[in-house]
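Visitor: My structure is in input-v2.cif, and what it holds is mmCIF, C-alpha atoms:
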data_coords
#
loop_
_atom_site.label_atom_id
_atom_site.label_comp_id
_atom_site.auth_asym_id
_atom_site.auth_seq_id
_atom_site.Cartn_x
_atom_site.Cartn_y
_atom_site.Cartn_z
CA MET A 497 74.20 131.37 92.82
CA ALA A 498 70.44 132.09 92.84
CA ASP A 499 70.37 132.95 89.13
CA GLU A 500 73.47 131.30 87.68
CA MET A 501 75.54 128.15 88.08
CA THR A 502 79.17 127.40 87.20
CA PHE A 503 79.72 124.91 84.39
CA TRP A 504 82.48 122.28 84.36
CA ASP A 505 82.99 119.50 81.83
CA PHE A 506 84.07 116.24 83.48
CA SER A 507 83.26 114.00 80.51
CA ARG A 508 85.66 111.52 78.92
CA SER A 509 85.81 113.50 75.68
CA GLN A 510 86.29 116.91 77.34
CA ALA A 511 84.37 118.25 74.34
CA LEU A 512 83.06 121.26 76.27
CA SER A 513 86.08 121.90 78.50
CA LYS A 514 86.67 125.33 76.93
CA TYR A 515 83.61 126.48 78.89
CA ASN A 516 85.03 125.34 82.24
CA GLY A 517 84.49 127.91 84.96
CA SER A 518 81.83 129.76 82.95
CA ARG A 519 78.77 131.15 84.69
CA ILE A 520 75.61 130.00 82.93
CA ASP A 521 71.85 130.31 83.23
CA VAL A 522 69.94 127.02 83.56
CA ARG A 523 68.41 127.76 80.15
CA ASP A 524 71.91 127.40 78.67
CA ILE A 525 71.94 123.70 79.59
CA ALA A 526 69.90 122.87 76.51
CA GLU A 527 72.39 124.70 74.28
CA LEU A 528 75.31 122.86 75.89
CA CYS A 529 73.53 119.56 75.25
CA GLY A 530 73.19 120.53 71.62
CA LEU A 531 76.88 121.41 71.35
CA ARG A 532 77.92 118.12 72.94
CA LYS A 533 75.53 116.15 70.73
CA GLU A 534 77.04 117.81 67.64
CA LYS A 535 80.64 117.21 68.71
CA GLU A 536 80.16 113.60 69.82
CA ALA A 537 77.56 112.56 67.21
CA VAL A 538 75.40 110.88 69.86
CA GLU A 539 71.62 110.89 69.49
CA VAL A 540 70.14 112.10 72.74
CA PRO A 541 66.86 113.94 73.43
CA TYR A 542 66.93 116.96 75.72
CA PRO A 543 64.34 119.49 76.91
CA SER A 544 63.94 123.07 75.72
CA PRO A 545 65.40 125.97 77.71
CA ASP A 546 61.96 126.91 79.07
CA GLU A 547 61.25 123.32 80.09
CA VAL A 548 64.52 123.19 82.05
CA ALA A 549 63.86 126.50 83.78
CA GLY A 550 60.22 125.66 84.54
CA ILE A 551 60.72 122.59 86.73
CA HIS A 552 59.98 122.37 90.43
CA PRO A 553 63.32 121.95 92.27
CA LEU A 554 61.93 119.13 94.45
CA ALA A 555 60.00 117.45 91.60
CA LEU A 556 56.71 118.07 93.40
CA LYS A 557 55.10 119.04 90.07
CA ARG A 558 55.62 117.31 86.71
CA PRO A 559 58.29 114.91 88.00
CA ARG A 560 59.06 113.59 84.51
CA ARG A 561 60.01 117.10 83.42
CA TRP A 562 62.30 117.30 86.48
CA GLU A 563 63.90 114.01 85.43
CA ALA A 564 64.44 115.32 81.89
CA ALA A 565 66.15 118.49 83.17
CA VAL A 566 68.41 116.50 85.51
CA ALA A 567 69.25 114.05 82.71
CA ALA A 568 70.12 116.95 80.39
CA THR A 569 72.43 118.49 83.00
CA ILE A 570 74.15 115.14 83.58
CA TYR A 571 74.68 114.81 79.84
CA ALA A 572 75.98 118.37 79.43
CA CYS A 573 78.56 117.93 82.21
CA SER A 574 79.51 114.26 81.95
CA GLY A 575 78.63 113.16 78.43
CA GLN A 576 76.67 110.24 79.90
CA ILE A 577 73.05 109.36 79.07
CA ALA A 578 71.84 108.39 82.53
CA ALA A 579 69.22 105.69 82.98
CA ARG A 580 65.99 106.65 84.73
CA GLN A 581 66.78 104.54 87.80
CA GLU A 582 70.05 106.48 88.10
CA ILE A 583 68.33 109.84 87.74
CA ILE A 584 65.73 109.23 90.42
CA THR A 585 68.43 108.66 93.03
CA GLY A 586 68.54 112.46 93.09
CA ARG A 587 64.98 112.58 94.39
CA GLU A 588 65.87 110.31 97.28
CA LEU A 589 68.81 112.58 98.15
CA LEU A 590 66.45 115.57 98.16
CA ASP A 591 63.90 113.70 100.30
CA ARG A 592 66.58 113.12 102.96
CA LEU A 593 67.69 116.76 103.15
CA PRO A 594 66.86 118.72 106.31
CA LYS A 595 63.70 120.79 105.91
CA PRO A 596 65.51 124.19 105.84
CA ASP A 597 67.72 123.02 102.96
CA ARG A 598 64.71 121.75 101.02
CA GLY A 599 62.90 125.02 101.55
CA ALA A 600 65.84 127.09 100.31
CA LEU A 601 66.39 125.01 97.18
CA THR A 602 65.98 126.82 93.87
CA VAL A 603 66.01 125.33 90.37
CA THR A 604 69.50 126.70 89.79
CA ARG A 605 70.90 125.38 93.07
CA MET A 606 69.38 121.96 92.46
CA LEU A 607 70.64 121.66 88.87
CA ALA A 608 74.07 122.97 89.87
CA LEU A 609 74.62 120.19 92.42
CA VAL A 610 72.25 117.21 92.25
CA PRO A 611 73.10 116.08 88.67
CA ALA A 612 76.82 116.25 89.50
CA LEU A 613 76.26 114.14 92.63
CA ILE A 614 74.33 111.55 90.61
CA ALA A 615 76.99 111.45 87.90
CA GLY A 616 80.00 111.32 90.19
CA PHE A 617 78.83 109.14 93.08
CA ARG A 618 76.97 105.86 93.15
CA PHE A 619 74.25 105.44 95.79
CA SER A 620 72.41 102.36 96.89
CA ARG A 621 69.62 101.55 99.33
CA ARG A 622 71.41 98.28 99.98
CA SER A 623 74.38 100.05 101.53
CA GLU A 624 73.01 100.98 104.95
CA THR A 625 76.15 99.30 106.27
CA PHE A 626 79.55 99.37 104.55
CA ASN A 627 79.50 98.79 100.81
CA PRO A 628 82.74 99.23 98.83
CA GLU A 629 80.77 99.80 95.62
CA ALA A 630 78.28 102.45 96.71
CA ASN A 631 77.63 105.31 99.11
CA ARG A 632 74.82 105.49 101.62
CA TYR A 633 72.01 107.98 100.96
CA LEU A 634 72.37 109.46 104.43
CA GLU A 635 75.99 110.36 103.60
CA GLY A 636 74.88 111.85 100.30
CA ALA A 637 72.26 114.01 102.00
CA ARG A 638 74.74 115.27 104.60
CA PHE A 639 77.29 116.04 101.87
CA LEU A 640 74.69 117.92 99.79
CA SER A 641 73.51 119.81 102.87
CA ALA A 642 77.09 120.94 103.51
CA LEU A 643 77.28 122.38 99.98
CA LEU A 644 73.91 124.11 100.26
CA ARG A 645 74.61 125.83 103.57
CA GLU A 646 75.65 129.49 103.54
CA ARG A 647 78.95 129.63 105.39
CA PRO A 648 82.23 131.57 105.42
CA ALA A 649 84.39 128.67 104.25
CA LEU A 650 84.28 125.05 103.10
CA ASP A 651 87.29 122.72 103.00
CA VAL A 652 87.59 119.48 101.06
CA GLU A 653 90.15 116.77 101.78
CA ILE A 654 91.21 114.39 98.98
CA GLY A 655 93.90 111.76 99.39
CA LEU A 656 95.55 109.97 96.49
CA CYS A 657 97.26 106.61 96.83
CA ALA A 658 100.43 105.77 94.93
CA HIS A 659 100.11 102.14 93.91
CA ARG A 660 98.50 99.95 91.31
CA ALA A 661 95.11 98.37 91.91
CA GLY A 662 96.27 94.83 91.16
CA VAL A 663 99.25 92.72 92.15
CA SER A 664 99.97 91.00 88.84
CA ASP A 665 101.62 94.11 87.38
CA PRO A 666 102.96 96.16 90.33
CA VAL A 667 104.51 98.88 88.14
CA LEU A 668 103.78 102.58 88.45
CA PRO A 669 102.98 104.41 85.20
CA GLU A 670 105.61 106.98 84.27
CA HIS A 671 103.12 109.85 84.45
CA VAL A 672 99.68 110.67 85.74
CA ASN A 673 97.04 110.53 83.01
CA ARG A 674 96.58 114.28 82.59
CA THR A 675 93.21 114.04 80.82
CA GLU A 676 91.73 111.85 83.54
CA ALA A 677 93.24 114.02 86.27
CA HIS A 678 91.76 117.15 84.67
CA ARG A 679 88.34 115.42 84.56
CA THR A 680 88.51 114.59 88.23
CA ALA A 681 89.59 118.11 89.19
CA ALA A 682 86.76 119.53 87.04
CA PHE A 683 84.25 117.31 88.83
CA VAL A 684 85.40 118.57 92.23
CA ALA A 685 85.36 122.16 90.96
CA SER A 686 81.79 121.65 89.74
CA LEU A 687 80.68 120.75 93.25
CA MET A 688 82.71 123.37 95.07
CA ASP A 689 82.14 126.33 92.76
CA ASN A 690 78.40 125.74 93.05
CA SER A 691 78.41 125.48 96.83
CA ARG A 692 77.17 128.43 98.87
CA ALA A 693 80.37 128.87 100.86
CA GLN A 694 82.09 132.21 100.46
CA GLU A 695 85.55 130.62 100.26
CA ARG A 696 86.32 127.05 99.15
CA THR A 697 89.58 125.17 99.43
CA VAL A 698 90.42 121.73 98.00
CA THR A 699 93.48 120.06 99.48
CA VAL A 700 94.90 117.12 97.51
CA SER A 701 97.44 115.08 99.47
CA GLN A 702 99.86 112.70 97.79
CA GLN A 703 102.95 110.74 98.73
CA THR A 704 106.15 112.27 97.37
CA ALA A 705 109.62 110.72 96.94
CA THR A 706 110.70 110.50 100.59
CA ASP A 707 111.56 107.74 103.07
CA ARG A 708 107.91 107.29 103.97
CA ALA A 709 107.05 106.23 100.43
CA ALA A 710 108.48 102.87 101.50
CA SER A 711 105.57 102.37 103.88
CA THR A 712 102.72 104.27 102.20
CA VAL A 713 103.12 102.75 98.74
CA ASN A 714 101.86 99.18 98.33
CA SER A 715 104.61 96.88 99.60
CA LEU A 716 104.41 94.68 96.49
CA VAL A 717 105.14 97.73 94.33
CA PHE A 718 108.09 98.80 96.48
CA LEU A 719 109.56 95.29 96.51
CA HIS A 720 109.15 94.99 92.74
CA TYR A 721 111.46 97.97 92.19
CA ALA A 722 113.81 97.05 95.04
CA ASN A 723 114.31 93.52 93.69
CA GLN A 724 115.22 94.96 90.29
CA GLY A 725 117.67 97.49 91.74
CA ARG A 726 115.46 100.31 90.41
CA LEU A 727 114.56 102.20 93.56
CA GLU A 728 115.80 105.52 92.21
CA HIS A 729 113.53 105.05 89.20
CA PHE A 730 110.65 104.34 91.58
CA LEU A 731 111.34 107.53 93.56
CA GLY A 732 111.75 109.53 90.36
CA THR A 733 108.33 108.30 89.24
CA LEU A 734 106.77 109.58 92.46
CA ASP A 735 108.45 112.94 91.79
CA ARG A 736 106.91 113.04 88.30
CA HIS A 737 103.47 112.13 89.64
CA ALA A 738 103.68 114.96 92.16
CA ASP A 739 104.75 117.42 89.45
CA ASP A 740 101.94 116.23 87.18
CA MET A 741 99.35 116.78 89.91
CA ARG A 742 100.70 120.21 90.77
CA THR A 743 100.31 121.19 87.11
CA VAL A 744 96.74 119.86 86.92
CA LEU A 745 95.68 121.58 90.12
CA ALA A 746 97.34 124.86 89.12
CA ARG A 747 95.37 124.84 85.87
CA CYS A 748 92.12 124.21 87.71
CA ASP A 749 92.98 126.87 90.24
CA THR A 750 93.22 129.54 87.53
CA LEU A 751 89.74 128.76 86.16
CA SER A 752 87.90 128.03 89.39
CA ALA A 753 86.56 130.23 92.17
CA THR A 754 87.82 127.47 94.48
CA ARG A 755 91.39 127.31 95.70
CA PHE A 756 93.12 124.06 94.73
CA ARG A 757 96.34 123.13 96.52
CA PHE A 758 98.74 120.21 96.53
CA THR A 759 100.25 119.01 99.81
CA PRO A 760 102.89 116.30 100.32
CA LEU A 761 101.72 113.53 102.62
CA ASP A 762 104.73 113.49 104.98
CA PRO A 763 103.60 116.24 107.41
CA PHE A 764 100.30 114.45 107.86
CA ASN A 765 102.07 111.11 108.40
CA GLU A 766 104.28 112.74 111.03
CA ALA A 767 101.15 113.87 112.89
CA VAL A 768 99.78 110.31 112.73
CA GLU A 769 103.06 109.01 114.15
CA ARG A 770 102.69 111.40 117.09
CA ASP A 771 99.14 110.10 117.61
CA MET A 772 100.47 106.54 117.66
CA HIS A 773 103.14 107.45 120.23
CA ASP A 774 100.58 109.16 122.46
CA VAL A 775 98.06 106.33 122.32
CA PHE A 776 100.21 103.18 122.11
CA GLY A 777 103.63 104.17 123.46
CA THR A 778 107.06 104.42 121.89
CA ASP A 779 106.90 101.21 119.84
CA TRP A 780 103.16 101.56 119.12
CA SER A 781 102.43 98.08 120.47
CA GLY A 782 101.18 98.90 123.98
CA ALA A 783 97.67 98.88 125.36
CA PRO A 784 95.79 101.98 124.21
CA ALA A 785 95.87 104.98 126.54
CA ASP A 786 92.83 106.46 124.77
CA PRO A 787 89.50 104.74 125.59
CA ARG A 788 88.32 105.28 122.00
CA TRP A 789 90.77 102.54 120.99
CA ALA A 790 89.59 100.06 123.65
CA ARG A 791 88.72 96.47 122.76
CA GLY A 792 85.27 96.08 121.30
CA GLY A 793 85.01 99.67 120.09
CA THR A 794 84.67 100.99 116.54
CA LEU A 795 88.39 101.76 116.15
CA ASP A 796 89.31 98.31 117.45
CA ALA A 797 86.94 96.77 114.89
CA ALA A 798 88.69 98.86 112.24
CA VAL A 799 92.08 97.47 113.32
CA ARG A 800 90.80 93.90 113.00
CA GLU A 801 89.48 94.66 109.50
CA ALA A 802 92.80 96.24 108.52
CA GLU A 803 94.71 93.20 109.80
CA ARG A 804 92.61 90.90 107.64
CA LYS A 805 93.26 93.00 104.56
CA MET A 806 96.99 93.43 105.21
CA ALA A 807 97.52 89.72 105.91
CA ARG A 808 96.98 89.07 102.20
CA PHE A 809 100.14 91.03 101.37
CA VAL A 810 102.49 89.53 103.96
CA PRO A 811 105.40 87.95 102.01
CA ASP A 812 105.99 84.24 102.44
CA ALA A 813 109.76 84.63 102.86
CA PRO A 814 111.39 86.99 105.38
CA LEU A 815 112.77 90.24 104.00
CA ASP A 816 116.47 90.10 103.09
CA VAL A 817 117.21 93.81 103.39
CA ASP A 818 120.98 93.30 103.06
CA ARG A 819 120.48 91.82 99.58
CA LEU A 820 118.24 94.73 98.59
CA LEU A 821 120.81 97.22 99.88
CA ARG A 822 123.53 95.55 97.80
CA LEU A 823 121.30 95.61 94.72
CA HIS A 824 120.65 99.31 95.16
CA LYS A 825 124.33 100.18 95.72
CA ALA A 826 125.28 98.21 92.58
CA SER A 827 122.50 99.74 90.46
CA GLU A 828 122.96 102.30 87.69
CA ASN A 829 121.54 105.07 89.91
CA PRO A 830 122.40 104.45 93.57
CA SER A 831 121.25 107.24 95.86
CA GLU A 832 121.13 108.15 99.51
CA ARG A 833 117.38 108.54 99.40
CA GLY A 834 117.07 105.02 97.98
CA LEU A 835 119.14 103.62 100.84
CA SER A 836 117.11 105.60 103.34
CA ALA A 837 113.84 104.31 101.86
CA LEU A 838 115.09 100.70 102.12
CA HIS A 839 115.96 101.14 105.79
CA TRP A 840 112.53 102.69 106.38
CA PHE A 841 110.86 99.78 104.60
CA ASP A 842 112.81 97.28 106.70
CA ARG A 843 111.73 98.96 109.95
CA HIS A 844 108.13 99.09 108.76
CA GLN A 845 108.06 95.42 107.72
CA ARG A 846 109.51 94.33 111.08
CA GLN A 847 106.56 95.83 112.92
CA PRO A 848 103.87 93.34 114.04
CA LEU A 849 100.83 93.18 111.77
CA GLU A 850 98.63 94.69 114.49
CA VAL A 851 100.92 97.73 114.76
CA ARG A 852 100.79 98.34 111.02
CA ALA A 853 97.02 97.92 111.07
CA ARG A 854 96.76 100.40 113.95
CA TYR A 855 98.77 102.91 111.95
CA ASP A 856 96.55 102.65 108.86
CA VAL A 857 93.43 103.08 110.98
CA ALA A 858 95.00 106.03 112.82
CA PHE A 859 95.78 107.64 109.47
CA HIS A 860 92.17 107.60 108.29
CA HIS A 861 90.83 108.46 111.73
CA ARG A 862 93.00 111.59 111.89
CA LEU A 863 91.87 112.56 108.37
CA ALA A 864 88.25 112.21 109.51
CA LEU A 865 88.90 114.22 112.68
CA ARG A 866 90.55 116.99 110.67
CA THR A 867 87.54 117.11 108.35
CA LEU A 868 85.18 117.17 111.32
CA GLU A 869 87.13 119.96 113.06
CA LYS A 870 86.92 122.10 109.92
CA ASP A 871 83.25 121.18 109.35
CA GLY A 872 84.42 120.17 105.88
CA VAL A 873 83.67 117.33 103.47
CA GLY A 874 85.72 114.43 102.14
CA ILE A 875 85.83 113.08 98.60
CA GLY A 876 87.33 109.64 98.06
CA MET A 877 89.38 109.46 94.87
CA GLU A 878 91.92 106.73 95.71
CA ARG A 879 91.48 103.26 94.26
CA GLY A 880 90.64 101.39 97.43
CA TRP A 881 87.72 101.91 99.81
CA ASP A 882 87.77 99.34 102.56
CA ALA A 883 85.75 98.56 105.66
CA TYR A 884 88.53 99.62 108.02
CA GLN A 885 88.65 103.09 106.44
CA TRP A 886 84.88 103.45 106.78
CA LEU A 887 85.03 102.38 110.43
CA ALA A 888 87.90 104.82 111.14
CA TRP A 889 85.79 107.67 109.77
CA SER A 890 82.68 106.42 111.58
CA ALA A 891 84.51 106.49 114.91
CA ALA A 892 85.32 110.18 114.38
CA TYR A 893 81.69 111.07 113.67
CA GLY A 894 80.21 109.00 116.51
CA SER A 895 79.21 105.57 115.23
CA ALA A 896 78.60 103.54 112.09
CA GLY A 897 75.01 104.79 112.05
CA THR A 898 75.95 108.48 112.01
CA PRO A 899 76.03 110.11 108.56
CA MET A 900 79.43 111.47 107.51
CA PRO A 901 80.08 114.13 104.84
CA LEU A 902 82.28 111.67 102.94
CA LEU A 903 81.51 110.27 99.49
CA TYR A 904 83.60 108.01 97.26
CA ALA A 905 83.58 108.75 93.54
CA ARG A 906 82.39 106.28 90.95
CA SER A 907 84.78 103.50 90.02
CA SER A 908 84.22 101.11 87.13
CA THR A 909 86.16 98.59 85.06
CA GLU A 910 83.41 98.24 82.45
CA PRO A 911 84.16 99.26 78.83
CA ALA A 912 83.47 102.95 78.23
CA SER A 913 79.97 103.69 76.99
CA HIS A 914 77.79 106.79 76.73
CA VAL A 915 74.79 104.79 77.91
CA SER A 916 74.07 104.88 81.67
CA LEU A 917 76.58 105.73 84.39
CA ARG A 918 77.71 102.14 85.04
CA SER A 919 80.98 102.57 83.12
CA PHE A 920 81.65 106.10 84.34
CA ASN A 921 84.86 106.33 86.36
CA LEU A 922 86.28 109.26 88.30
CA ARG A 923 88.38 107.33 90.81
CA GLN A 924 92.19 107.32 90.77
CA PHE A 925 93.65 108.04 87.34
CA TRP A 926 96.88 106.04 87.33
#
Can you dump the structure from the file as structure tokens?
Guide:
Amino acid sequence: MADEMTFWDFSRSQALSKYNGSRIDVRDIAELCGLRKEKEAVEVPYPSPDEVAGIHPLALKRPRRWEAAVAATIYACSGQIAARQEIITGRELLDRLPKPDRGALTVTRMLALVPALIAGFRFSRRSETFNPEANRYLEGARFLSALLRERPALDVEIGLCAHRAGVSDPVLPEHVNRTEAHRTAAFVASLMDNSRAQERTVTVSQQTATDRAASTVNSLVFLHYANQGRLEHFLGTLDRHADDMRTVLARCDTLSATRFRFTPLDPFNEAVERDMHDVFGTDWSGAPADPRWARGGTLDAAVREAERKMARFVPDAPLDVDRLLRLHKASENPSERGLSALHWFDRHQRQPLEVRARYDVAFHHRLALRTLEKDGVGIGMERGWDAYQWLAWSAAYGSAGTPMPLLYARSSTEPASHVSLRSFNLRQFW
């Protein structure tokens, strides 16, 4: 790591993806910029190999040359021409690092990680409390510190949701967008392969076609398919998504020094259900037995936030599960798993709103606790990032003021452009 870094292309064009997993010298960054410029026909200035190699890792000397080297690395990996105000966020991340990490930073280590962090995550000084659009700098510094620390192992948790972002078209695409999924996996590999951990593992969790899909997938999506008598098609789509992700991760696994693995979400959900039983009793509606869930605490605040969000999706009319069961039985592809999912959905919808909110908070709290126990990091790739999730993680790490090694990737609906990182998107790819 001291002399070389691992290159990964997470650009939209994937013009340099054939070099994924290659070990390069920092002087090679200039050559990669030239190759990308030639392939994409974009005019972009970049420094010479010696100028890249000659920077001070903390920008204490010739800061503009440091900015040029970071900009060149961002361009080589992402295909984006970052604006200066975006580039200098990297200096603030470095300023917030613990002193031992700053002292151990080399040019190679800095260029291997800081440009990728700038490209893949948005940071803002205005997000000292929760901000759904940006990460806090203190989280960024803790995340970077975790990558820079010499350690036996480093684990990353990534959860993927299985629903559309909007409600006007609650239809799942037939397949995961493979190109976008490969980009996202390459971005994660870029961070992990350049960490100083001896062994790295990325665990991607996703809902598969089981009963619990009826409660983990957006209820509007589930009802859309149920009302059309197309539940088997819905479950088949989840099967295809899981197969698509397994293929993407297997490909990345062969090229990367990091282990990438796919895990179905059900075992984790079963553990959350046990947590709910232990804390709130058999029907999950009792007073909390764990003081961390007491009124006025961080987890209780998370439950109130989750209730407010979930109230927007409560249907006006009561659920007629008998009608949905008849529709499924009379459909072209009736199945036992479809019937089972409908019964699961009915039980879930009958639960009081507070119980459902408690469950969602418990889910993210357990994910945070698992990350904390492993001394790992979290990368948010799902579409939504809400206050209740942030509070659930904060409760695991102590309080809302405590930095967590959790960052959410860039998300944007702006038209694609090479200029700046505003339109760059690495968040959920279906």
Visitor: Would you mind listing what lies within 9 Å of segment 701-716 of chain A as a PyMOL selection string, with all atoms listed in the file counted and same-chain residues fewer than 3 positions away left out?
Guide: chain A and resi 653-660+663+666+719-721+730-735+737-738+741+757-762+764-765+809-811+833-842+844-845
Visitor: Work out how far apart atom CA of Ser908 of chain A and atom CA of Gly586 of chain A are and give it in Å to one decimal.
Guide: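 Atom-to-atom, atom CA of Ser908 of chain A to atom CA of Gly586 of chain A, that is 20.3 Å.
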Visitor: Written as a ChimeraX atom specification, which residues does the PyMOL selection byres ((chain A and resi 557-564) around 8) give for the file shown?
Guide: /A:542-543,547-548,551-553,555-556,565-568,580,583-584
Visitor: I'd like to know which of A:Glu629, A:Ala905, A:Gly636, A:Arg598 is closest to Thr585 of chain A, using all atoms listed in the file.
Guide: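 Among A:Glu629, A:Ala905, A:Gly636, A:Arg598, it is A:Gly636 that comes nearest to Thr585 of chain A.
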Visitor: Need to verify the contact set: Arg918 of chain A, 10 Å, only C-alpha atoms, exclusion of same-chain residues closer than 4 positions in sequence. Can you return it as a list in words?
Guide: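 The filter keeps Gln576, Ala578, Ala579, Glu582, Ala615, Arg618, Arg906, Ser907, Ser908, Thr909, Glu910, Pro911, Ala912, Ser913 and His914 of chain A.
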Visitor: I would like the residues chosen by the PyMOL selection byres ((chain A and resi 817-829) around 7) on the shown file; could you give them as an NGL selection string?
Guide: :A and (722-723 or 725 or 727-728 or 815-816 or 830-831 or 835 or 842)
Visitor: Kindly indicate which residue among A:Val851, A:Ala753, A:Met806, A:Met688 lies nearest to Ala783 of chain A, using all atoms listed in the file for the distances.
Guide: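 Among A:Val851, A:Ala753, A:Met806, A:Met688, it is A:Val851 that comes nearest to Ala783 of chain A.
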Visitor: Find the spatial neighbours of His860 of chain A, counting all atoms listed in the file, within a cut-off of 7 Å - ignore same-chain residues fewer than 6 positions away - and output them as a VMD selection string.
Guide: chain A and resid 885 888 to 889
Visitor: For the selection just defined, write its residues with C-alpha atoms to a file, as a PDB file, in the frame of the given file.
Guide:
ATOM      1  CA  GLN A 885      88.650 103.090 106.440  1.00  0.00           C
ATOM      2  CA  ALA A 888      87.900 104.820 111.140  1.00  0.00           C
ATOM      3  CA  TRP A 889      85.790 107.670 109.770  1.00  0.00           C
TER       4      TRP A 889
END
Visitor: Write out as a list in words each polymer residue whose atoms come within 7 Å of segment 502-508 of chain A, counting all atoms listed in the file; drop sequence neighbours fewer than 3 positions from it.
Guide: Leu512, Ser513, Tyr515, Asn516, Gly517, Ser518, Arg519, Ile520, Cys573, Ser574, Gly575, Arg679, Thr680, Ala682, Phe683, Ser686, Asp689 and Asn690 of chain A
Visitor: By how many Å are atom CA of Lys870 of chain A and atom CA of Glu500 of chain A apart?
Guide: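 Computed distance, atom CA of Lys870 of chain A to atom CA of Glu500 of chain A, equals 27.6 Å.
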Visitor: Using the chain letters and numbers from this file, what does the PyMOL selection byres ((chain A and resi 526-539) around 7) select? Give the answer as a list in words.
Guide: Ala511, Leu512, Arg523, Asp524, Ile525, Val540, Pro541, Tyr542, Pro543, Ser544, Pro545, Ala568, Tyr571 and Ala572 of chain A
Visitor: Using all atoms listed in the file, pick whichever of A:Glu850, A:Ile577, A:Phe756, A:Leu601 has the shortest atom-to-atom distance to Ser919 of chain A.
Guide: A:Ile577
Visitor: When you count all atoms listed in the file, which of these residues is closest to Met877 of chain A: A:Ala693, A:Ala864, A:Ala677, A:Leu795?
Guide: A:Ala677
